[in-house]
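Let me begin by presenting the structure, written as structure tokens, before commenting on it.
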Amino acid sequence: MNQEDSVSRRQFVAGASSLLLAGAAARAAEKTGSSQGSQLAVHGGEKAVKRVPASQRRWGEVERKQLEAMLQQNSLFYWQGPQTELLIERFREVCPVEYVQTCSSGTAAIHTAVAAAGIGLGDEVITSPVTDIGTVIGVLYQQAVPVFADLGKGTHNLDPADVARRITPKTKAIIAVHLTGNPCDLDVLKTLADRHKLVLIEDCCQAWGAKTRGRPIGTVGDIACFSLQNSKHVTCGDGGLVGSNDERFGPLLQKFGDKGGNRRKWGGFDAFATNYRMSEPQAAVAAAQLTRLEEIVTKRNRLGTLLTENIADAPGIIPHEVHPEDRAVYWFYFFRLRPEAFRCGRSEFVKALLAEGAGVRGGYIGVPLYGEPVFQNHGFFAGRWPVKEMGLTTMDFTKHKCPNAESMLTEGIRVPIYEYMTEDYILDVAAAIQKVARHYAA
Ligand SMILES: *Cc1c(COP(=O)(O)O)cnc(C)c1O
């Protein structure tokens with residue numbers, strides 16, 4: 001490391017808030033410095049990452065106790081079930097909203113939100129093309145049309161300017177996906193939604209515990225959706241939650257998640273909906289898991305922030321871009337390569353990182369959602385798409401283009417972040433990225 005680098009790093013560190021952080025960054029600087037000029041592991045050199053932390057069990061005594069309490073009950077049905085009530089109480093500490101419905105998945109939560117928002121035949125819903133397909137399944141089932149907008153180059157979230165360009169008289173909602181747990185630019189999206197009278201739905205499935213300008217994720221938009229699927233920050237195997245503070249939508253969530261019937265005031269089935277209920281055993285595990293959430297997300301935020309601090313000055317690297325006043329919870333970390341800055345392609349870069357012992361992966365999902373065969377064929381319902389056949393949309397997914405979303409998937413690298421990882425491990429990963437980037441720099 002040359003003098004100039006270490007000075008700028010020291011200045012950078014001086015801006016950081018905790019002493020601990022400063023010490024860690026300095027250690028990374030040493031590691032980076034010592035690995036500079038050394039041979040890449042892929043060429044027979046020493047590995048930058050020496051030890052991979054062992055994964056930890058994600059459940060134990062708290063979950064066991066909750067399940068035992070549940071077994072004292074004579075009903076495992078969700079309605080007024082003590083486990084469901086406990087889960088909702090704890091969920092409200094994370095996302096303080098008045099109306100909450102537990103459900104069977106994040107996909108179910110989003111479908112329930114879309115239905116409660118009154119989205120139907122031919123309506124357009126603008127969202128991200130790089131997300132779990134569950135973001136748009138409910139949109140399509142309501143016979144509405146997903147319209148994909150492009151993403152910010154470093155945030156990997158909706159670019160509000162491109163969202164604005166795609167608003168038409170048919171647009172009814174925006175689904176803001178907080179990808180990887182990095183909050184979307186919600187203030188701008190909310191202003192846009194209000195100006196055009198659109199419902200703003202937040203897909204918080206990867207963003208448990210995230211905060212935007214100090215506010216809990218899920219509380220800026222009109223409806224919030226969370227997943228408890230196995231890969232998320234907290235889980236009961238499969239499950240979800242949908243919530244709202246809005247009097248227009250909140251009171252409808254229960255019936256749209258439960259066959260169209262209102263259990264508070266029975267009046268028969270005045271709405272049509274499917275069964276997305278969550279049972280008490282799932283609620284018991286999820287309620288117990290929520291007691292672990294703050295620790296999990298504090299750690300993941302810390303590790304992701306540390307990685308950014310230690311790769312920010314690597315040549316040709318675009319680190320994960322997080323607003324300085326936001327709390328990103330890193331479901332994973334994602335950085336991009338500037339292709340022109342390197343003498344190698346992404347696959348060679350990834351291969352070199354793997355050889356260094358950093359367990360990274362190229363890209364995220366294979367292609368943006370509109371590139372998937374079911375979209376390219378417009379074949380959502382037994383191979384057909386009624387909305388298009390009826391002439392209610394001119395959408396042609398074979399002509400859809402989101403350049404940044406596409407390049408994100410071909411130029412980006414995903415770094416797993418888990419709460420059991422140590423800061424030293426992340427510093428080693430940062431050193432590996434620095435070493436490989438410097439080696440291949442054009
Ligand atoms: C996981 C996920 C979903 C779907 O959640 P499931 O519980 O798997 O149905 C939706 N959106 C995003 C961003 C997700 O990560």
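Labels used: A, B, ... for chains in the order of the structure tokens, numbers from 1 for residues in each chain, and numbers from 1 for ligands as shown.
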
Please, which residues in region 39-63 of chain A fall within 12 Å of region 236-249 of chain A when counting only C-alpha atoms, and what is the closest atom pair and distance in Å to one decimal for each, ordered by chain then residue number, as a tab-separated table?
residue	atom	partner	partner_atom	distance
A:Arg58	CA	A:Cys236	CA	10.5
A:Trp59	CA	A:Cys236	CA	9.8
A:Glu63	CA	A:Cys236	CA	9.7

Which residues of chain A sit at most 7 Å from ligand 1, using only C-alpha atoms and all ligand atoms? Give each one's shortest atom pair and distance in Å (one decimal place), in chain and ascending residue order, as CSV.
residue,atom,partner,partner_atom_place_in_ligand_line,distance
A:Ser105,CA,ligand 1,7 (O),3.7
A:Gly106,CA,ligand 1,5 (O),3.4
A:Thr107,CA,ligand 1,9 (O),3.7
A:Ala108,CA,ligand 1,9 (O),6.4
A:Thr131,CA,ligand 1,13 (C),5.1
A:Asp132,CA,ligand 1,12 (C),4.6
A:Ile133,CA,ligand 1,10 (C),6.6
A:Gly134,CA,ligand 1,4 (C),4.4
A:Thr135,CA,ligand 1,10 (C),4.7
A:Val177,CA,ligand 1,13 (C),5.7
A:His178,CA,ligand 1,13 (C),6.8
A:Leu179,CA,ligand 1,13 (C),6.0
A:Asp203,CA,ligand 1,11 (N),5.9
A:Cys204,CA,ligand 1,13 (C),6.6
A:Cys205,CA,ligand 1,14 (C),4.6
A:Gln206,CA,ligand 1,15 (O),4.8
A:Ser227,CA,ligand 1,7 (O),4.4
A:Leu228,CA,ligand 1,7 (O),5.8
A:Gln229,CA,ligand 1,7 (O),4.5
A:Lys232,CA,ligand 1,1 (C),6.9
A:Asp238,CA,ligand 1,7 (O),5.9
A:Gly239,CA,ligand 1,7 (O),5.8
A:Gly240,CA,ligand 1,7 (O),6.0

Exercise for the section: Return the single residue from A:Glu411, A:Asp270, A:Asp185, A:Asp222 that is closest to Gly345 (chain A), with distances computed using only C-alpha atoms. Expected result: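 Residue with the minimum atom-to-atom distance to Gly345 (chain A): A:Glu411.
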
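Distance check against Asp424 (chain A) using only C-alpha atoms: of A:Gly118, A:Asn310, A:Lys65, A:Leu151, the minimum falls on A:Asn310.
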
Fill in the blank from the handout: Min atom-atom distance to Ala432 (chain A) from the set A:Glu321, A:Glu356, A:Asp123, A:Glu280, counting only C-alpha atoms, belongs to A:Glu356

Each residue of region 115-175 of chain A lying at most 9 Å from region 376-394 of chain A should get a row with its shortest atom-to-atom pair and the distance in Å to one decimal, counting only C-alpha atoms; could you produce that, ordered by chain and increasing number, as a Markdown table?
| residue | atom | partner | partner_atom | distance |
| --- | --- | --- | --- | --- |
| A:Leu121 | CA | A:Val387 | CA | 7.0 |
| A:Gly122 | CA | A:Leu392 | CA | 5.4 |
| A:Asp123 | CA | A:Thr393 | CA | 8.7 |
| A:Glu124 | CA | A:Thr393 | CA | 8.9 |
| A:Leu140 | CA | A:Phe380 | CA | 7.7 |
| A:Tyr141 | CA | A:Phe380 | CA | 8.7 |
| A:Gln143 | CA | A:Val387 | CA | 6.4 |
| A:Ala144 | CA | A:Val387 | CA | 7.6 |
| A:Val145 | CA | A:Thr393 | CA | 7.6 |

For the residues in that selection, give me C-alpha atoms as a PDB file, in the first residue's frame.
ATOM      1  CA  LEU A 121     -57.937  -6.551 -14.918  1.00  0.00           C
ATOM      2  CA  GLY A 122     -55.383  -4.752 -17.096  1.00  0.00           C
ATOM      3  CA  ASP A 123     -54.025  -2.527 -14.303  1.00  0.00           C
ATOM      4  CA  GLU A 124     -50.306  -1.872 -14.454  1.00  0.00           C
ATOM      5  CA  LEU A 140     -50.450 -11.749 -12.616  1.00  0.00           C
ATOM      6  CA  TYR A 141     -53.049 -13.768 -10.684  1.00  0.00           C
ATOM      7  CA  GLN A 143     -55.008 -10.285 -14.123  1.00  0.00           C
ATOM      8  CA  ALA A 144     -52.882  -7.165 -13.822  1.00  0.00           C
ATOM      9  CA  VAL A 145     -49.710  -6.411 -15.799  1.00  0.00           C
TER      10      VAL A 145
END

Exercise for the section: Can you pull out every residue within 10 Å of region 285-293 of chain A, counting only C-alpha atoms, but drop anything in the same chain fewer than 6 positions away, and send it as number ranges by chain? Expected result: A: 58-67, 70, 83-91, 93-94, 208-209, 228, 233-240, 299

Exercise for the section: Per DSSP on the backbone, filter region 141-275 of chain A down to the residues in strand (DSSP E or B) and report them as a PyMOL selection string. Expected result: chain A and resi 145-148+151+158+171-177+199-203+211-212+215-216+223-227+240-244+258+261+269+275

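Distances to Arg327 (chain A) were evaluated for A:Asn182, A:Gln72, A:Ser38, A:His43 using only C-alpha atoms, and the minimum falls at A:Asn182.
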
Exercise for the section: Show which residues sit within 12 Å of Trp79 (chain A), as a list in words. Count only C-alpha atoms, and ignore same-chain residues fewer than 4 positions away. Expected result: Ser75, Gln83, Thr84, Glu85, Ile88, Gln101, Thr102, Cys103, Gln254, Lys255, Gly257, Asp258, Asn262, Arg263, Arg264, Arg277, Met278, Ser279, Glu280 and Ala283 of chain A

Print the selection's residues with N, CA and C atoms to a file, as a PDB file, in the first residue's frame.
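again.pdb, written as the output of this step:
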ATOM      1  N   SER A  75     -56.309 -25.868  19.909  1.00  0.00           N
ATOM      2  CA  SER A  75     -56.519 -25.495  18.511  1.00  0.00           C
ATOM      3  C   SER A  75     -55.215 -24.982  17.938  1.00  0.00           C
ATOM      4  N   GLN A  83     -50.285 -18.022  19.460  1.00  0.00           N
ATOM      5  CA  GLN A  83     -48.994 -17.920  18.761  1.00  0.00           C
ATOM      6  C   GLN A  83     -49.067 -16.846  17.681  1.00  0.00           C
ATOM      7  N   THR A  84     -50.177 -16.844  16.967  1.00  0.00           N
ATOM      8  CA  THR A  84     -50.371 -15.832  15.928  1.00  0.00           C
ATOM      9  C   THR A  84     -50.398 -14.442  16.556  1.00  0.00           C
ATOM     10  N   GLU A  85     -51.088 -14.328  17.711  1.00  0.00           N
ATOM     11  CA  GLU A  85     -51.150 -13.019  18.373  1.00  0.00           C
ATOM     12  C   GLU A  85     -49.775 -12.568  18.850  1.00  0.00           C
ATOM     13  N   ILE A  88     -47.770 -11.421  15.837  1.00  0.00           N
ATOM     14  CA  ILE A  88     -48.189 -10.090  15.368  1.00  0.00           C
ATOM     15  C   ILE A  88     -47.668  -9.003  16.301  1.00  0.00           C
ATOM     16  N   GLN A 101     -51.823  -9.228   8.858  1.00  0.00           N
ATOM     17  CA  GLN A 101     -52.333 -10.564   8.579  1.00  0.00           C
ATOM     18  C   GLN A 101     -51.142 -11.501   8.385  1.00  0.00           C
ATOM     19  N   THR A 102     -51.131 -12.608   9.134  1.00  0.00           N
ATOM     20  CA  THR A 102     -50.093 -13.614   8.910  1.00  0.00           C
ATOM     21  C   THR A 102     -50.517 -14.430   7.690  1.00  0.00           C
ATOM     22  N   CYS A 103     -49.555 -14.957   6.977  1.00  0.00           N
ATOM     23  CA  CYS A 103     -49.913 -15.748   5.793  1.00  0.00           C
ATOM     24  C   CYS A 103     -48.846 -16.785   5.478  1.00  0.00           C
ATOM     25  N   GLN A 254     -57.143  -9.160   6.095  1.00  0.00           N
ATOM     26  CA  GLN A 254     -57.550 -10.447   6.668  1.00  0.00           C
ATOM     27  C   GLN A 254     -58.378 -11.256   5.669  1.00  0.00           C
ATOM     28  N   LYS A 255     -59.377 -10.641   5.074  1.00  0.00           N
ATOM     29  CA  LYS A 255     -60.230 -11.471   4.206  1.00  0.00           C
ATOM     30  C   LYS A 255     -59.536 -11.851   2.900  1.00  0.00           C
ATOM     31  N   GLY A 257     -56.554 -12.665   2.657  1.00  0.00           N
ATOM     32  CA  GLY A 257     -55.631 -13.749   2.961  1.00  0.00           C
ATOM     33  C   GLY A 257     -56.356 -15.000   3.411  1.00  0.00           C
ATOM     34  N   ASP A 258     -57.674 -14.934   3.473  1.00  0.00           N
ATOM     35  CA  ASP A 258     -58.438 -16.015   4.104  1.00  0.00           C
ATOM     36  C   ASP A 258     -59.774 -16.226   3.391  1.00  0.00           C
ATOM     37  N   ASN A 262     -64.666 -12.160   6.128  1.00  0.00           N
ATOM     38  CA  ASN A 262     -64.245 -11.305   7.233  1.00  0.00           C
ATOM     39  C   ASN A 262     -64.549 -12.003   8.566  1.00  0.00           C
ATOM     40  N   ARG A 263     -63.485 -12.379   9.302  1.00  0.00           N
ATOM     41  CA  ARG A 263     -63.699 -13.114  10.557  1.00  0.00           C
ATOM     42  C   ARG A 263     -64.076 -12.211  11.720  1.00  0.00           C
ATOM     43  N   ARG A 264     -63.864 -10.900  11.584  1.00  0.00           N
ATOM     44  CA  ARG A 264     -64.250  -9.988  12.671  1.00  0.00           C
ATOM     45  C   ARG A 264     -65.753  -9.789  12.692  1.00  0.00           C
ATOM     46  N   ARG A 277     -53.621 -18.847   4.704  1.00  0.00           N
ATOM     47  CA  ARG A 277     -53.455 -18.793   6.157  1.00  0.00           C
ATOM     48  C   ARG A 277     -52.162 -19.440   6.627  1.00  0.00           C
ATOM     49  N   MET A 278     -51.662 -18.944   7.759  1.00  0.00           N
ATOM     50  CA  MET A 278     -50.513 -19.540   8.441  1.00  0.00           C
ATOM     51  C   MET A 278     -51.020 -20.224   9.701  1.00  0.00           C
ATOM     52  N   SER A 279     -50.541 -21.430   9.985  1.00  0.00           N
ATOM     53  CA  SER A 279     -51.033 -22.138  11.170  1.00  0.00           C
ATOM     54  C   SER A 279     -50.207 -21.791  12.418  1.00  0.00           C
ATOM     55  N   GLU A 280     -50.710 -22.198  13.572  1.00  0.00           N
ATOM     56  CA  GLU A 280     -50.061 -21.873  14.847  1.00  0.00           C
ATOM     57  C   GLU A 280     -48.633 -22.426  14.998  1.00  0.00           C
ATOM     58  N   ALA A 283     -46.476 -19.996  13.333  1.00  0.00           N
ATOM     59  CA  ALA A 283     -46.481 -18.720  14.063  1.00  0.00           C
ATOM     60  C   ALA A 283     -45.617 -18.817  15.322  1.00  0.00           C
TER      61      ALA A 283
END

Problem - Those in region 128-356 of chain A with helix (DSSP H, G or I) from DSSP, as a PyMOL selection string - result: chain A and resi 134-141+160-165+179-181+186-195+250-256+280-290+293-311+339-341+346-355

Exercise for the section: Please identify all polymer residues within 10 Å of Ala314 (chain A), counting only C-alpha atoms, omitting same-chain residues fewer than 4 positions from it, and present them as a PyMOL selection string. Expected result: chain A and resi 310+318-319+430-431+433-438+441

With N, CA and C atoms retained, export the selected residues as a PDB file, in the first residue's frame.
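Below you can see selection39.pdb, which holds the result:
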ATOM      1  N   ASN A 310     -13.912  -1.399   3.139  1.00  0.00           N
ATOM      2  CA  ASN A 310     -12.620  -1.972   2.800  1.00  0.00           C
ATOM      3  C   ASN A 310     -12.441  -2.350   1.338  1.00  0.00           C
ATOM      4  N   ILE A 318     -17.561  -1.218  -8.010  1.00  0.00           N
ATOM      5  CA  ILE A 318     -18.676  -0.379  -7.529  1.00  0.00           C
ATOM      6  C   ILE A 318     -19.261  -1.094  -6.317  1.00  0.00           C
ATOM      7  N   PRO A 319     -18.974  -0.596  -5.099  1.00  0.00           N
ATOM      8  CA  PRO A 319     -19.490  -1.285  -3.903  1.00  0.00           C
ATOM      9  C   PRO A 319     -21.009  -1.167  -3.824  1.00  0.00           C
ATOM     10  N   ALA A 430     -12.467  -8.876   1.916  1.00  0.00           N
ATOM     11  CA  ALA A 430     -12.136  -7.562   1.344  1.00  0.00           C
ATOM     12  C   ALA A 430     -10.723  -7.575   0.783  1.00  0.00           C
ATOM     13  N   ALA A 431      -9.813  -8.172   1.528  1.00  0.00           N
ATOM     14  CA  ALA A 431      -8.421  -8.245   1.069  1.00  0.00           C
ATOM     15  C   ALA A 431      -8.334  -9.058  -0.224  1.00  0.00           C
ATOM     16  N   ILE A 433     -10.696  -9.360  -2.497  1.00  0.00           N
ATOM     17  CA  ILE A 433     -11.248  -8.532  -3.584  1.00  0.00           C
ATOM     18  C   ILE A 433     -10.212  -7.488  -4.018  1.00  0.00           C
ATOM     19  N   GLN A 434      -9.566  -6.863  -3.044  1.00  0.00           N
ATOM     20  CA  GLN A 434      -8.522  -5.870  -3.349  1.00  0.00           C
ATOM     21  C   GLN A 434      -7.387  -6.516  -4.161  1.00  0.00           C
ATOM     22  N   LYS A 435      -6.970  -7.679  -3.724  1.00  0.00           N
ATOM     23  CA  LYS A 435      -5.841  -8.371  -4.361  1.00  0.00           C
ATOM     24  C   LYS A 435      -6.173  -8.720  -5.813  1.00  0.00           C
ATOM     25  N   VAL A 436      -7.363  -9.303  -6.009  1.00  0.00           N
ATOM     26  CA  VAL A 436      -7.754  -9.734  -7.359  1.00  0.00           C
ATOM     27  C   VAL A 436      -7.993  -8.509  -8.256  1.00  0.00           C
ATOM     28  N   ALA A 437      -8.655  -7.473  -7.695  1.00  0.00           N
ATOM     29  CA  ALA A 437      -8.933  -6.261  -8.490  1.00  0.00           C
ATOM     30  C   ALA A 437      -7.624  -5.602  -8.923  1.00  0.00           C
ATOM     31  N   ARG A 438      -6.674  -5.521  -8.021  1.00  0.00           N
ATOM     32  CA  ARG A 438      -5.395  -4.879  -8.361  1.00  0.00           C
ATOM     33  C   ARG A 438      -4.620  -5.702  -9.381  1.00  0.00           C
ATOM     34  N   ALA A 441      -6.397  -5.209 -12.804  1.00  0.00           N
ATOM     35  CA  ALA A 441      -6.698  -3.832 -13.213  1.00  0.00           C
ATOM     36  C   ALA A 441      -6.063  -3.543 -14.576  1.00  0.00           C
TER      37      ALA A 441
END

Practice task
Might you pull out every residue within 7 Å of region 168-175 of chain A, with only C-alpha atoms counted and same-chain residues fewer than 2 positions away left off, and present them as a ChimeraX atom specification?
Solution key: /A:119,123-127,166,177,198-203

Exercise for the section: Identify, on the basis of only C-alpha atoms, every residue whose closest approach to region 189-191 of chain A does not exceed 8 Å; exclude the query and any residue fewer than 6 positions from it along the same chain; express the result as an MDAnalysis selection string. Expected result: chainID A and resid 160 200 220:221

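Take CA of Val322 (chain A) and CA of Pro368 (chain A): the distance between them is 21.8 Å.
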
Give me the region 279-342 of chain A side of the contact with region 346-355 of chain A, cut-off 10 Å, one line per residue showing its nearest atom pair and distance in Å at one decimal, counting only C-alpha atoms, sorted by chain and residue number, as CSV.
residue,atom,partner,partner_atom,distance
A:Arg336,CA,A:Arg346,CA,9.4
A:Leu337,CA,A:Arg346,CA,7.6
A:Arg338,CA,A:Arg346,CA,9.8
A:Pro339,CA,A:Arg346,CA,8.0
A:Phe342,CA,A:Arg346,CA,9.1

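The smallest atom-to-atom distance between Ala116 (chain A) and any of A:Pro216, A:Gly250, A:Gly363, A:Pro315, using only C-alpha atoms, is found for A:Gly250.
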